[in-house]
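**Q** Just dropping this structure here.
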Amino acid sequence: MTDANVSQPADITDLFAGETTEPSHSFAAAFTETVDGFRMTRGDDPVTAGLPDAWEAERASEMVVQTLFDVMRDTRLEDVAVRLAWGVVHAFHKVAKQLDDEAGRAAVQVKDLIRSADGSEIGTVELEEAQALCQSLDEAREAVECMRDRAADTFRVETGRPWSAPRATLVSSKRTASVVDGTNFLAARRQRRIEAHAPQGPVVLFSGGQKWHDHQQLWDRLDQIRTRVPAMVLVTTAQGKGCDAIAAAWAASRGVMLVAMALNHRLGNRAGFARNEQMVKLQPVEAVVCEGSGLQSHLARLVHAAKVPAHFFRCDGQQAAAA
């Protein structure tokens, strides 16, 4: 970022004017308007204003975190900057979750209106407004999530470690055009969410211990794999720190779909081993296994037995022989 001083909100645009004005692909997509008559609450008048400029939103997401570190660097509050910056990213994360919950409730309302549709003009208008509300909330959530990911990436650059979060079938014959549109809208929304939670693409497995500090070594290897497998889906063992957190930060930075395979605690002591077996059944094309506990050793044996091309790393920073 430029070192110029910014004292007034209006100066921000002038500051940005000296830099490239092209947003990244993710921001250009997330800040594309998808609905006319945008509204955030039921009963609100529709908003005709457009979305924020994608490039300015991207720069602002970065600057709000980076400025905290710049102001407090080399002062007695330098360590506090990490906590404050983490909280800023978490604020984006929390708002995105709230918007997602509100969109879910709006989708339920759309379903209810479809079930009760009688072809009346009032019912048609209510359905159209409910559909616009749901789509508006989805649009807002995607924009805030994109800003959160950019702020989180800035946190990683400043601290050297990744940011991580705390932890209807219709039978009525009175189907109007709006009911059909509403049904198609819900189906499309459901399909987008299915694709987000069940991505299609070559699977690359990743697992490692919870104590790991050299993230660059792992990022470099994942970059190499992505060069060979550009449509890869990264599947991790869902740990909130260490190697898995490093891999999650890499995936967010590179726009790679991430699937975090959580433990099924109902399986008790066997949960970790069952997860390893489930991951290998995904027929991965490559695997990265870092030294950790017995679970990583077990996964390494499984990928070796399945003849999956694998990369093994030790805690001392050395790479073991690849399988």
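Chain labels run A, B, ... following the order of the structure tokens; each chain numbers its residues from 1, and ligands are numbered from 1 in the order shown.
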Quick one: residues within 9 Å of region 253-259 of chain A, only C-alpha atoms counted, chain neighbours fewer than 4 positions away excluded, as a PyMOL selection string?
**A** chain A and resi 26+149-150+152-153+196-199+223+226+230-238+247-249
**Q** Residues of region 187-307 of chain A classed as strand (DSSP E or B) by DSSP on the backbone are to be reported as a list in words.
**A**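 DSSP on the backbone gives strand (DSSP E or B) at Val203, Val204, Leu205, Phe206, Ser207, Val233, Leu234, Val235, Thr236, Met257, Leu258, Val259, Ala260, Glu286, Ala287, Val288, Val289 and Cys290 of chain A.
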**Q** Would you pick out the contacts of Phe27 (chain A) at 8 Å or less, using only C-alpha atoms, so that residues sharing its chain but fewer than 4 positions from it are not included, and give the list as a list in words?
**A**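 Here the qualifying residues turn out to be Pro23, Phe31, Ala54, Trp55, Glu58, Ala143 and Cys146 of chain A.
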**Q** What's the separation between CA of Arg221 (chain A) and CA of Thr154 (chain A), in Å to one decimal place?
**A**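 Computing it gives 21.1 Å between the two atoms.
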**Q** For a quick check of understanding, using only C-alpha atoms, which of A:Ala151, A:Ala306, A:Ile246, A:Leu282 has the smallest distance to Ala60 (chain A)?
**A** A:Ala151
**Q** Using only C-alpha atoms for the distances, tell me which of A:Leu127, A:Ala57, A:Asp100, A:Gln135 is nearest to Val35 (chain A).
**A**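 Smallest separation from Val35 (chain A) among the options: A:Gln135.
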**Q** Neighbours of Gly294 (chain A) within 10 Å (only C-alpha atoms; same-chain residues fewer than 3 positions away dropped), as a list of chain:residue names?
**A** A:Gly209, A:Gly272, A:Phe273, A:Glu291, A:Ser297, A:His298, A:Leu299, A:Ala300
**Q** Figure out the distance between CA of Arg156 (chain A) and CA of Val82 (chain A), please, to one decimal in Å.
**A**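 Between these atoms lies a distance of 10.3 Å.
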**Q** Name all residues at most 10 Å from Glu33 (chain A) (count only C-alpha atoms; drop same-chain ones fewer than 3 positions away) and give them as a PyMOL selection string.
**A** chain A and resi 29-30+36+38+50-52+136+139-140
**Q** Taking into account only C-alpha atoms, which residue in the set A:Arg161, A:Arg270, A:Lys241, A:Arg314 is nearest to Trp219 (chain A)?
**A**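 Among the listed residues, A:Arg161 lies closest to Trp219 (chain A).
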